[in-house]
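Novice: My file is coords02.csv. It has CSV, N, CA and C atoms:
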chain,number,residue,atom,x,y,z
O,1,GLN,N,-12.3,-74.8,-56.8
O,1,GLN,CA,-13.6,-75.4,-56.7
O,1,GLN,C,-14.2,-75.1,-55.3
O,2,VAL,N,-15.4,-74.5,-55.3
O,2,VAL,CA,-16.0,-74.2,-54.0
O,2,VAL,C,-16.7,-75.4,-53.4
O,3,GLN,N,-16.4,-75.6,-52.1
O,3,GLN,CA,-17.0,-76.7,-51.4
O,3,GLN,C,-17.5,-76.2,-50.0
O,4,LEU,N,-18.8,-76.6,-49.7
O,4,LEU,CA,-19.3,-76.4,-48.4
O,4,LEU,C,-19.7,-77.7,-47.9
O,5,VAL,N,-19.1,-78.1,-46.8
O,5,VAL,CA,-19.3,-79.5,-46.2
O,5,VAL,C,-19.8,-79.4,-44.8
O,6,GLU,N,-21.1,-79.9,-44.7
O,6,GLU,CA,-21.7,-79.9,-43.4
O,6,GLU,C,-21.3,-81.1,-42.6
O,7,SER,N,-21.3,-81.0,-41.3
O,7,SER,CA,-21.1,-82.1,-40.4
O,7,SER,C,-21.7,-81.9,-39.1
O,8,GLY,N,-21.8,-82.9,-38.2
O,8,GLY,CA,-22.4,-82.8,-36.9
O,8,GLY,C,-23.8,-83.2,-36.7
O,9,GLY,N,-24.4,-83.7,-37.8
O,9,GLY,CA,-25.8,-84.2,-37.7
O,9,GLY,C,-25.8,-85.5,-37.1
O,10,GLY,N,-27.0,-86.0,-36.8
O,10,GLY,CA,-27.1,-87.3,-36.1
O,10,GLY,C,-28.4,-87.5,-35.5
O,11,LEU,N,-28.5,-88.5,-34.7
O,11,LEU,CA,-29.8,-88.9,-34.0
O,11,LEU,C,-29.6,-88.4,-32.5
O,12,VAL,N,-30.7,-87.7,-32.1
O,12,VAL,CA,-30.7,-87.2,-30.7
O,12,VAL,C,-32.1,-87.2,-30.2
O,13,GLN,N,-32.2,-87.4,-28.9
O,13,GLN,CA,-33.5,-87.4,-28.3
O,13,GLN,C,-34.1,-86.0,-28.1
O,14,ALA,N,-35.4,-85.9,-28.1
O,14,ALA,CA,-36.0,-84.7,-27.9
O,14,ALA,C,-35.5,-84.0,-26.6
O,15,GLY,N,-35.2,-82.7,-26.7
O,15,GLY,CA,-34.7,-82.0,-25.6
O,15,GLY,C,-33.1,-81.9,-25.6
O,16,GLY,N,-32.5,-82.7,-26.5
O,16,GLY,CA,-31.1,-82.7,-26.6
O,16,GLY,C,-30.6,-81.6,-27.5
O,17,SER,N,-29.3,-81.6,-27.7
O,17,SER,CA,-28.6,-80.5,-28.5
O,17,SER,C,-27.7,-81.2,-29.5
O,18,LEU,N,-27.4,-80.4,-30.6
O,18,LEU,CA,-26.5,-80.7,-31.6
O,18,LEU,C,-25.8,-79.4,-32.1
O,19,ARG,N,-24.6,-79.6,-32.5
O,19,ARG,CA,-23.9,-78.4,-33.1
O,19,ARG,C,-23.4,-78.9,-34.5
O,20,LEU,N,-24.0,-78.2,-35.5
O,20,LEU,CA,-23.6,-78.4,-36.9
O,20,LEU,C,-22.5,-77.5,-37.3
O,21,SER,N,-21.6,-78.0,-38.1
O,21,SER,CA,-20.6,-77.2,-38.7
O,21,SER,C,-20.6,-77.2,-40.2
O,22,CYS,N,-20.1,-76.2,-40.8
O,22,CYS,CA,-20.1,-76.1,-42.3
O,22,CYS,C,-18.7,-75.5,-42.6
O,23,ALA,N,-17.9,-76.4,-43.2
O,23,ALA,CA,-16.5,-76.0,-43.6
O,23,ALA,C,-16.5,-75.6,-45.0
O,24,ALA,N,-15.9,-74.4,-45.3
O,24,ALA,CA,-15.9,-73.8,-46.6
O,24,ALA,C,-14.5,-73.9,-47.2
O,25,SER,N,-14.4,-74.2,-48.4
O,25,SER,CA,-13.1,-74.1,-49.1
O,25,SER,C,-13.3,-73.6,-50.5
O,26,GLY,N,-12.2,-73.1,-51.1
O,26,GLY,CA,-12.3,-72.6,-52.5
O,26,GLY,C,-13.1,-71.3,-52.7
O,27,VAL,N,-13.3,-70.6,-51.5
O,27,VAL,CA,-14.1,-69.4,-51.6
O,27,VAL,C,-13.5,-68.5,-50.5
O,28,THR,N,-13.6,-67.2,-50.7
O,28,THR,CA,-13.2,-66.2,-49.7
O,28,THR,C,-14.4,-66.1,-48.7
O,29,PHE,N,-14.3,-66.9,-47.7
O,29,PHE,CA,-15.4,-67.1,-46.8
O,29,PHE,C,-16.0,-65.8,-46.2
O,30,SER,N,-15.1,-64.9,-45.9
O,30,SER,CA,-15.5,-63.7,-45.2
O,30,SER,C,-16.2,-62.7,-46.2
O,31,SER,N,-16.2,-63.1,-47.4
O,31,SER,CA,-16.9,-62.2,-48.4
O,31,SER,C,-18.4,-62.6,-48.6
O,32,TYR,N,-18.8,-63.7,-47.9
O,32,TYR,CA,-20.2,-64.2,-48.1
O,32,TYR,C,-21.0,-64.2,-46.8
O,33,ALA,N,-22.2,-63.7,-46.9
O,33,ALA,CA,-23.2,-64.0,-45.9
O,33,ALA,C,-23.4,-65.5,-45.9
O,34,MET,N,-23.7,-66.1,-44.8
O,34,MET,CA,-24.0,-67.5,-44.7
O,34,MET,C,-25.3,-67.8,-44.1
O,35,GLY,N,-25.9,-68.9,-44.6
O,35,GLY,CA,-27.2,-69.3,-44.1
O,35,GLY,C,-27.3,-70.8,-43.8
O,36,TRP,N,-28.2,-71.1,-42.9
O,36,TRP,CA,-28.6,-72.5,-42.7
O,36,TRP,C,-30.1,-72.6,-43.2
O,37,PHE,N,-30.3,-73.7,-43.8
O,37,PHE,CA,-31.7,-74.1,-44.3
O,37,PHE,C,-31.9,-75.5,-43.9
O,38,ARG,N,-33.2,-75.9,-43.9
O,38,ARG,CA,-33.5,-77.3,-43.7
O,38,ARG,C,-34.7,-77.8,-44.5
O,39,GLN,N,-34.7,-79.1,-44.8
O,39,GLN,CA,-35.8,-79.7,-45.6
O,39,GLN,C,-36.2,-81.0,-44.9
O,40,ALA,N,-37.4,-81.0,-44.5
O,40,ALA,CA,-38.0,-82.2,-43.9
O,40,ALA,C,-38.7,-83.0,-45.0
O,41,PRO,N,-38.9,-84.3,-44.8
O,41,PRO,CA,-39.5,-85.1,-45.8
O,41,PRO,C,-40.8,-84.6,-46.2
O,42,GLY,N,-41.0,-84.5,-47.5
O,42,GLY,CA,-42.3,-84.0,-48.1
O,42,GLY,C,-42.6,-82.6,-47.9
O,43,LYS,N,-41.6,-81.8,-47.5
O,43,LYS,CA,-41.7,-80.4,-47.3
O,43,LYS,C,-40.7,-79.6,-48.1
O,44,GLU,N,-41.0,-78.3,-48.3
O,44,GLU,CA,-40.1,-77.5,-49.0
O,44,GLU,C,-38.9,-77.1,-48.1
O,45,ARG,N,-37.8,-76.8,-48.7
O,45,ARG,CA,-36.7,-76.3,-48.0
O,45,ARG,C,-37.0,-75.0,-47.4
O,46,GLU,N,-36.7,-74.8,-46.1
O,46,GLU,CA,-37.0,-73.5,-45.4
O,46,GLU,C,-35.8,-72.9,-44.7
O,47,PHE,N,-35.9,-71.6,-44.6
O,47,PHE,CA,-34.9,-70.8,-43.9
O,47,PHE,C,-34.8,-71.1,-42.4
O,48,VAL,N,-33.6,-71.3,-41.9
O,48,VAL,CA,-33.4,-71.5,-40.5
O,48,VAL,C,-32.7,-70.2,-39.9
O,49,ALA,N,-31.6,-69.9,-40.4
O,49,ALA,CA,-30.8,-68.7,-39.8
O,49,ALA,C,-29.8,-68.2,-40.8
O,50,ALA,N,-29.4,-67.0,-40.6
O,50,ALA,CA,-28.3,-66.4,-41.5
O,50,ALA,C,-27.5,-65.5,-40.7
O,51,ILE,N,-26.3,-65.2,-41.2
O,51,ILE,CA,-25.3,-64.4,-40.5
O,51,ILE,C,-24.6,-63.5,-41.5
O,52,ARG,N,-24.3,-62.3,-41.2
O,52,ARG,CA,-23.6,-61.4,-42.1
O,52,ARG,C,-22.2,-61.8,-42.3
O,53,ARG,N,-21.5,-61.2,-43.2
O,53,ARG,CA,-20.1,-61.6,-43.5
O,53,ARG,C,-19.2,-61.5,-42.3
O,54,ASN,N,-19.4,-60.4,-41.6
O,54,ASN,CA,-18.5,-60.2,-40.4
O,54,ASN,C,-19.1,-60.7,-39.1
O,55,GLY,N,-20.2,-61.4,-39.2
O,55,GLY,CA,-20.8,-62.0,-38.0
O,55,GLY,C,-21.5,-61.0,-37.2
O,56,GLY,N,-21.6,-59.7,-37.7
O,56,GLY,CA,-22.2,-58.7,-36.8
O,56,GLY,C,-23.7,-58.7,-36.6
O,57,SER,N,-24.4,-59.4,-37.6
O,57,SER,CA,-25.8,-59.5,-37.4
O,57,SER,C,-26.3,-60.9,-37.7
O,58,THR,N,-27.3,-61.3,-37.0
O,58,THR,CA,-27.8,-62.7,-37.3
O,58,THR,C,-29.3,-62.6,-37.4
O,59,TYR,N,-29.9,-63.6,-38.1
O,59,TYR,CA,-31.3,-63.6,-38.5
O,59,TYR,C,-31.8,-65.0,-38.3
O,60,TYR,N,-33.0,-65.1,-37.8
O,60,TYR,CA,-33.6,-66.4,-37.5
O,60,TYR,C,-35.0,-66.5,-37.9
O,61,ALA,N,-35.4,-67.7,-38.3
O,61,ALA,CA,-36.8,-68.0,-38.5
O,61,ALA,C,-37.5,-67.8,-37.2
O,62,ASP,N,-38.6,-67.1,-37.2
O,62,ASP,CA,-39.3,-66.7,-36.0
O,62,ASP,C,-39.6,-67.9,-35.1
O,63,SER,N,-39.9,-69.1,-35.7
O,63,SER,CA,-40.2,-70.3,-34.9
O,63,SER,C,-39.0,-70.9,-34.2
O,64,LEU,N,-37.8,-70.5,-34.6
O,64,LEU,CA,-36.6,-71.1,-34.0
O,64,LEU,C,-35.8,-70.2,-33.1
O,65,LYS,N,-36.1,-69.0,-33.2
O,65,LYS,CA,-35.4,-68.0,-32.4
O,65,LYS,C,-35.4,-68.4,-30.9
O,66,GLY,N,-34.3,-68.4,-30.3
O,66,GLY,CA,-34.2,-68.7,-28.9
O,66,GLY,C,-33.7,-70.1,-28.6
O,67,ARG,N,-33.8,-71.0,-29.6
O,67,ARG,CA,-33.3,-72.4,-29.5
O,67,ARG,C,-32.1,-72.6,-30.3
O,68,PHE,N,-32.0,-71.9,-31.5
O,68,PHE,CA,-30.9,-72.1,-32.4
O,68,PHE,C,-30.0,-70.9,-32.4
O,69,THR,N,-28.7,-71.1,-32.5
O,69,THR,CA,-27.7,-70.0,-32.6
O,69,THR,C,-26.8,-70.2,-33.7
O,70,ILE,N,-26.7,-69.2,-34.6
O,70,ILE,CA,-25.8,-69.3,-35.7
O,70,ILE,C,-24.6,-68.5,-35.4
O,71,SER,N,-23.4,-68.9,-35.8
O,71,SER,CA,-22.1,-68.2,-35.6
O,71,SER,C,-21.2,-68.6,-36.7
O,72,ARG,N,-20.1,-67.9,-36.8
O,72,ARG,CA,-19.1,-68.2,-37.8
O,72,ARG,C,-17.7,-67.8,-37.2
O,73,ASP,N,-16.7,-68.5,-37.8
O,73,ASP,CA,-15.3,-68.2,-37.5
O,73,ASP,C,-14.6,-68.0,-38.8
O,74,ASN,N,-14.4,-66.7,-39.2
O,74,ASN,CA,-13.9,-66.5,-40.5
O,74,ASN,C,-12.4,-66.9,-40.6
O,75,ALA,N,-11.7,-67.0,-39.5
O,75,ALA,CA,-10.3,-67.4,-39.5
O,75,ALA,C,-10.3,-68.9,-39.8
O,76,LYS,N,-11.3,-69.7,-39.5
O,76,LYS,CA,-11.4,-71.1,-39.7
O,76,LYS,C,-12.2,-71.5,-40.9
O,77,ASN,N,-12.8,-70.4,-41.6
O,77,ASN,CA,-13.7,-70.7,-42.7
O,77,ASN,C,-14.8,-71.6,-42.4
O,78,THR,N,-15.4,-71.4,-41.2
O,78,THR,CA,-16.4,-72.4,-40.7
O,78,THR,C,-17.6,-71.6,-40.2
O,79,LEU,N,-18.7,-72.2,-40.5
O,79,LEU,CA,-20.0,-71.7,-40.0
O,79,LEU,C,-20.6,-72.8,-39.0
O,80,TYR,N,-21.3,-72.3,-38.0
O,80,TYR,CA,-21.9,-73.2,-37.0
O,80,TYR,C,-23.4,-73.0,-36.8
O,81,LEU,N,-24.0,-74.0,-36.3
O,81,LEU,CA,-25.4,-73.9,-35.9
O,81,LEU,C,-25.5,-74.7,-34.6
O,82,GLN,N,-25.7,-74.0,-33.5
O,82,GLN,CA,-26.0,-74.6,-32.2
O,82,GLN,C,-27.5,-74.8,-32.1
O,83,MET,N,-27.9,-76.0,-31.9
O,83,MET,CA,-29.3,-76.3,-31.8
O,83,MET,C,-29.6,-76.9,-30.4
O,84,ASN,N,-30.4,-76.3,-29.7
O,84,ASN,CA,-30.8,-76.7,-28.3
O,84,ASN,C,-32.2,-77.0,-28.2
O,85,SER,N,-32.6,-77.7,-27.2
O,85,SER,CA,-34.0,-78.1,-26.9
O,85,SER,C,-34.7,-78.6,-28.2
O,86,LEU,N,-34.0,-79.6,-28.8
O,86,LEU,CA,-34.5,-80.1,-30.1
O,86,LEU,C,-35.8,-80.8,-29.9
O,87,LYS,N,-36.6,-80.7,-31.0
O,87,LYS,CA,-38.0,-81.3,-31.0
O,87,LYS,C,-38.0,-82.2,-32.2
O,88,PRO,N,-38.9,-83.2,-32.2
O,88,PRO,CA,-39.1,-84.1,-33.3
O,88,PRO,C,-39.3,-83.3,-34.6
O,89,GLU,N,-40.0,-82.2,-34.6
O,89,GLU,CA,-40.3,-81.4,-35.8
O,89,GLU,C,-39.1,-80.7,-36.3
O,90,ASP,N,-38.0,-80.8,-35.6
O,90,ASP,CA,-36.7,-80.3,-36.2
O,90,ASP,C,-36.0,-81.3,-37.1
O,91,THR,N,-36.5,-82.5,-37.1
O,91,THR,CA,-36.0,-83.5,-38.0
O,91,THR,C,-36.0,-83.1,-39.4
O,92,ALA,N,-34.8,-83.1,-40.1
O,92,ALA,CA,-34.7,-82.6,-41.4
O,92,ALA,C,-33.2,-82.8,-41.9
O,93,VAL,N,-33.0,-82.6,-43.2
O,93,VAL,CA,-31.7,-82.4,-43.7
O,93,VAL,C,-31.3,-80.9,-43.6
O,94,TYR,N,-30.2,-80.6,-43.0
O,94,TYR,CA,-29.8,-79.3,-42.8
O,94,TYR,C,-28.7,-78.9,-43.8
O,95,TYR,N,-28.9,-77.8,-44.5
O,95,TYR,CA,-27.9,-77.3,-45.5
O,95,TYR,C,-27.3,-76.0,-45.1
O,96,CYS,N,-26.1,-75.8,-45.4
O,96,CYS,CA,-25.5,-74.5,-45.3
O,96,CYS,C,-25.3,-73.9,-46.7
O,97,ALA,N,-25.3,-72.6,-46.8
O,97,ALA,CA,-25.3,-71.9,-48.1
O,97,ALA,C,-24.6,-70.6,-48.0
O,98,ALA,N,-24.0,-70.1,-49.0
O,98,ALA,CA,-23.2,-68.9,-49.1
O,98,ALA,C,-23.9,-67.9,-50.1
O,99,SER,N,-24.0,-66.7,-49.7
O,99,SER,CA,-24.6,-65.7,-50.5
O,99,SER,C,-23.7,-64.4,-50.6
O,100,ALA,N,-23.5,-64.0,-51.8
O,100,ALA,CA,-22.8,-62.7,-52.0
O,100,ALA,C,-23.7,-61.5,-52.1
O,101,TYR,N,-25.0,-61.8,-52.0
O,101,TYR,CA,-26.0,-60.7,-52.1
O,101,TYR,C,-26.1,-60.0,-50.8
O,102,TYR,N,-26.4,-58.7,-50.9
O,102,TYR,CA,-26.7,-57.9,-49.7
O,102,TYR,C,-28.2,-57.8,-49.5
O,103,TYR,N,-28.6,-58.1,-48.3
O,103,TYR,CA,-30.0,-57.9,-47.9
O,103,TYR,C,-30.0,-57.1,-46.6
O,104,SER,N,-31.0,-56.2,-46.4
O,104,SER,CA,-31.1,-55.5,-45.2
O,104,SER,C,-31.6,-56.5,-44.1
O,105,ASP,N,-32.3,-57.5,-44.5
O,105,ASP,CA,-32.8,-58.6,-43.6
O,105,ASP,C,-32.8,-59.9,-44.3
O,106,TYR,N,-31.9,-60.8,-43.9
O,106,TYR,CA,-31.7,-62.0,-44.6
O,106,TYR,C,-32.9,-63.0,-44.4
O,107,ARG,N,-33.8,-62.7,-43.5
O,107,ARG,CA,-35.0,-63.5,-43.5
O,107,ARG,C,-35.8,-63.3,-44.7
O,108,GLN,N,-35.6,-62.3,-45.5
O,108,GLN,CA,-36.3,-62.0,-46.7
O,108,GLN,C,-35.5,-62.5,-48.0
O,109,ALA,N,-34.3,-63.1,-47.7
O,109,ALA,CA,-33.5,-63.5,-48.9
O,109,ALA,C,-34.1,-64.6,-49.6
O,110,ARG,N,-34.1,-64.5,-51.0
O,110,ARG,CA,-34.5,-65.6,-51.8
O,110,ARG,C,-33.4,-66.7,-51.8
O,111,GLN,N,-33.9,-67.9,-51.7
O,111,GLN,CA,-32.9,-69.0,-51.7
O,111,GLN,C,-32.1,-69.0,-53.0
O,112,ALA,N,-32.7,-68.6,-54.1
O,112,ALA,CA,-32.0,-68.6,-55.4
O,112,ALA,C,-30.8,-67.6,-55.4
O,113,THR,N,-30.7,-66.7,-54.5
O,113,THR,CA,-29.6,-65.8,-54.4
O,113,THR,C,-28.4,-66.3,-53.6
O,114,TYR,N,-28.6,-67.5,-53.1
O,114,TYR,CA,-27.4,-68.1,-52.4
O,114,TYR,C,-26.6,-68.8,-53.5
O,115,ASP,N,-25.3,-68.5,-53.5
O,115,ASP,CA,-24.5,-68.9,-54.7
O,115,ASP,C,-24.0,-70.4,-54.5
O,116,TYR,N,-23.8,-70.8,-53.3
O,116,TYR,CA,-23.2,-72.1,-53.1
O,116,TYR,C,-24.0,-72.8,-52.0
O,117,TRP,N,-24.1,-74.1,-52.1
O,117,TRP,CA,-24.8,-75.0,-51.2
O,117,TRP,C,-24.0,-76.2,-50.8
O,118,GLY,N,-24.1,-76.6,-49.6
O,118,GLY,CA,-23.5,-77.9,-49.2
O,118,GLY,C,-24.4,-79.0,-49.5
O,119,GLN,N,-24.0,-80.2,-49.2
O,119,GLN,CA,-24.7,-81.4,-49.6
O,119,GLN,C,-25.7,-81.8,-48.5
O,120,GLY,N,-25.6,-81.2,-47.3
O,120,GLY,CA,-26.6,-81.5,-46.3
O,120,GLY,C,-26.1,-82.5,-45.3
O,121,THR,N,-26.7,-82.3,-44.1
O,121,THR,CA,-26.4,-83.3,-43.0
O,121,THR,C,-27.8,-83.6,-42.3
O,122,GLN,N,-28.0,-84.9,-42.1
O,122,GLN,CA,-29.3,-85.3,-41.5
O,122,GLN,C,-29.3,-85.1,-40.0
O,123,VAL,N,-30.4,-84.5,-39.6
O,123,VAL,CA,-30.7,-84.4,-38.1
O,123,VAL,C,-32.0,-85.1,-37.9
O,124,THR,N,-31.9,-86.1,-36.9
O,124,THR,CA,-33.1,-86.8,-36.6
O,124,THR,C,-33.3,-86.7,-35.1
O,125,VAL,N,-34.5,-86.2,-34.7
O,125,VAL,CA,-34.8,-86.0,-33.3
O,125,VAL,C,-35.9,-87.0,-32.9
O,126,SER,N,-35.6,-87.9,-32.0
O,126,SER,CA,-36.6,-88.9,-31.6
O,126,SER,C,-37.4,-88.4,-30.4
O,127,SER,N,-38.7,-88.9,-30.3
O,127,SER,CA,-39.5,-88.4,-29.2
O,127,SER,C,-39.4,-89.3,-28.0
As structure tokens - that is how I would like this structure written.

Specialist:
Amino acid sequence: QVQLVESGGGLVQAGGSLRLSCAASGVTFSSYAMGWFRQAPGKEREFVAAIRRNGGSTYYADSLKGRFTISRDNAKNTLYLQMNSLKPEDTAVYYCAASAYYYSDYRQARQATYDYWGQGTQVTVSS
């Protein structure tokens, strides 16, 4: 049974930092590209960042580049998202997802092509 379990969310003041983790089990983690997505109340789920299977390339939503960093540790079957200089508009439920599809640019990946999703972790940034 495949499981993706996010952790590390919480309440933080604007300007602060959080590090999200996504622990994978029941899947050959290194065989999947991984992504982070987020969904704010009343909004559609949106792409945050993605990383190739071997971690060699990363992709970010243009609005987030420079503040967020995606990384992975294939030996630990874990995906990370370091979030710095957080803003109230970063408040959302953050999801990790695994994709077996190949894309030349994961910013163009359709969410439907992600095979597995976590349950999400809430990030709240206060002003």

Novice: Tell me which protein, DNA and RNA residues are within 8 Å of O:Tyr94, counting all atoms listed in the file, leaving out same-chain ones fewer than 2 positions away, and put them as a PDB file with N, CA and C atoms, in the frame of the given file.

Specialist:
ATOM      1  N   GLU O   6     -21.100 -79.900 -44.700  1.00  0.00           N
ATOM      2  CA  GLU O   6     -21.700 -79.900 -43.400  1.00  0.00           C
ATOM      3  C   GLU O   6     -21.300 -81.100 -42.600  1.00  0.00           C
ATOM      4  N   GLY O   9     -24.400 -83.700 -37.800  1.00  0.00           N
ATOM      5  CA  GLY O   9     -25.800 -84.200 -37.700  1.00  0.00           C
ATOM      6  C   GLY O   9     -25.800 -85.500 -37.100  1.00  0.00           C
ATOM      7  N   TRP O  36     -28.200 -71.100 -42.900  1.00  0.00           N
ATOM      8  CA  TRP O  36     -28.600 -72.500 -42.700  1.00  0.00           C
ATOM      9  C   TRP O  36     -30.100 -72.600 -43.200  1.00  0.00           C
ATOM     10  N   PHE O  37     -30.300 -73.700 -43.800  1.00  0.00           N
ATOM     11  CA  PHE O  37     -31.700 -74.100 -44.300  1.00  0.00           C
ATOM     12  C   PHE O  37     -31.900 -75.500 -43.900  1.00  0.00           C
ATOM     13  N   ARG O  38     -33.200 -75.900 -43.900  1.00  0.00           N
ATOM     14  CA  ARG O  38     -33.500 -77.300 -43.700  1.00  0.00           C
ATOM     15  C   ARG O  38     -34.700 -77.800 -44.500  1.00  0.00           C
ATOM     16  N   GLN O  39     -34.700 -79.100 -44.800  1.00  0.00           N
ATOM     17  CA  GLN O  39     -35.800 -79.700 -45.600  1.00  0.00           C
ATOM     18  C   GLN O  39     -36.200 -81.000 -44.900  1.00  0.00           C
ATOM     19  N   ALA O  40     -37.400 -81.000 -44.500  1.00  0.00           N
ATOM     20  CA  ALA O  40     -38.000 -82.200 -43.900  1.00  0.00           C
ATOM     21  C   ALA O  40     -38.700 -83.000 -45.000  1.00  0.00           C
ATOM     22  N   THR O  91     -36.500 -82.500 -37.100  1.00  0.00           N
ATOM     23  CA  THR O  91     -36.000 -83.500 -38.000  1.00  0.00           C
ATOM     24  C   THR O  91     -36.000 -83.100 -39.400  1.00  0.00           C
ATOM     25  N   ALA O  92     -34.800 -83.100 -40.100  1.00  0.00           N
ATOM     26  CA  ALA O  92     -34.700 -82.600 -41.400  1.00  0.00           C
ATOM     27  C   ALA O  92     -33.200 -82.800 -41.900  1.00  0.00           C
ATOM     28  N   CYS O  96     -26.100 -75.800 -45.400  1.00  0.00           N
ATOM     29  CA  CYS O  96     -25.500 -74.500 -45.300  1.00  0.00           C
ATOM     30  C   CYS O  96     -25.300 -73.900 -46.700  1.00  0.00           C
ATOM     31  N   ALA O  97     -25.300 -72.600 -46.800  1.00  0.00           N
ATOM     32  CA  ALA O  97     -25.300 -71.900 -48.100  1.00  0.00           C
ATOM     33  C   ALA O  97     -24.600 -70.600 -48.000  1.00  0.00           C
ATOM     34  N   GLY O 118     -24.100 -76.600 -49.600  1.00  0.00           N
ATOM     35  CA  GLY O 118     -23.500 -77.900 -49.200  1.00  0.00           C
ATOM     36  C   GLY O 118     -24.400 -79.000 -49.500  1.00  0.00           C
ATOM     37  N   GLN O 119     -24.000 -80.200 -49.200  1.00  0.00           N
ATOM     38  CA  GLN O 119     -24.700 -81.400 -49.600  1.00  0.00           C
ATOM     39  C   GLN O 119     -25.700 -81.800 -48.500  1.00  0.00           C
ATOM     40  N   GLY O 120     -25.600 -81.200 -47.300  1.00  0.00           N
ATOM     41  CA  GLY O 120     -26.600 -81.500 -46.300  1.00  0.00           C
ATOM     42  C   GLY O 120     -26.100 -82.500 -45.300  1.00  0.00           C
ATOM     43  N   THR O 121     -26.700 -82.300 -44.100  1.00  0.00           N
ATOM     44  CA  THR O 121     -26.400 -83.300 -43.000  1.00  0.00           C
ATOM     45  C   THR O 121     -27.800 -83.600 -42.300  1.00  0.00           C
ATOM     46  N   GLN O 122     -28.000 -84.900 -42.100  1.00  0.00           N
ATOM     47  CA  GLN O 122     -29.300 -85.300 -41.500  1.00  0.00           C
ATOM     48  C   GLN O 122     -29.300 -85.100 -40.000  1.00  0.00           C
ATOM     49  N   VAL O 123     -30.400 -84.500 -39.600  1.00  0.00           N
ATOM     50  CA  VAL O 123     -30.700 -84.400 -38.100  1.00  0.00           C
ATOM     51  C   VAL O 123     -32.000 -85.100 -37.900  1.00  0.00           C
TER      52      VAL O 123
END

Novice: Looking only at strand (DSSP E) from DSSP on the backbone, list the matching residues of stretch 11-66 of chain O as JSON, numbers by chain.

Specialist: {"O": [11, 12, 13, 18, 19, 20, 21, 22, 23, 24, 25, 33, 34, 35, 36, 37, 38, 39, 46, 47, 48, 49, 50, 51, 58, 59, 60]}

Novice: Out of O:Ser21, O:Pro88, O:Leu81, O:Ser104, which residue has the shortest atom-to-atom distance to O:Phe68 when counting all atoms listed in the file?

Specialist: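 The answer is O:Leu81, which sits nearest to O:Phe68.
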
Novice: So the first atom is atom CA of O:Lys87 and the second is atom CA of O:Ser57; what is the distance between them in Å, to one decimal place?

Specialist: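 Separating atom CA of O:Lys87 from atom CA of O:Ser57 is a distance of 25.8 Å.
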
Novice: Point out the residue among O:Ser30, O:Thr69, O:Asn54, O:Gln1 with the least atom-to-atom distance to O:Asn84, counting only N, CA and C atoms.

Specialist: O:Thr69

Novice: Ranking O:Gly8, O:Gly55, O:Gly42, O:Gly66 by minimum distance to O:Leu20 and counting only N, CA and C atoms, which one comes first?

Specialist: O:Gly8

Novice: Considering only C-alpha atoms, can you say which of O:Ala112, O:Ala98, O:Ala14, O:Val125 comes closest to O:Tyr32?

Specialist: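 Using only C-alpha atoms, O:Tyr32 sits closest to O:Ala98.
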
Novice: Could you check which of O:Asn74, O:Tyr116, O:Lys65, O:Tyr80 is closest to O:Arg19, using all atoms listed in the file?

Specialist: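 Nearest to O:Arg19: O:Tyr80.
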
Novice: I need the residues of stretch 11-121 of chain O that end up classed as helix (DSSP H, G or I) by DSSP on the backbone, written out as number ranges by chain.

Specialist: O: 29-31, 88-90, 106-108, 111-113

Novice: Which residue out of O:Ser127, O:Leu4, O:Tyr95, O:Gln108 has the minimum interatomic distance to O:Gly35 when all atoms listed in the file are used?

Specialist: O:Tyr95

Novice: For a test of reading the model, state the distance in Å between atom C of O:Gly56 and atom C of O:Lys76, rounded to one decimal.

Specialist: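 Straight-line distance from atom C of O:Gly56 to atom C of O:Lys76 works out to 17.7 Å.
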
Novice: Show me, as JSON, the centre and edge lengths in Å to one decimal of the axis-aligned box that covers every listed atom of stretch 5-12 of chain O with 5 Å on each side.

Specialist:
{"center_x": -25.6, "center_y": -83.5, "center_z": -38.5, "size_x": 23.0, "size_y": 20.8, "size_z": 26.6}
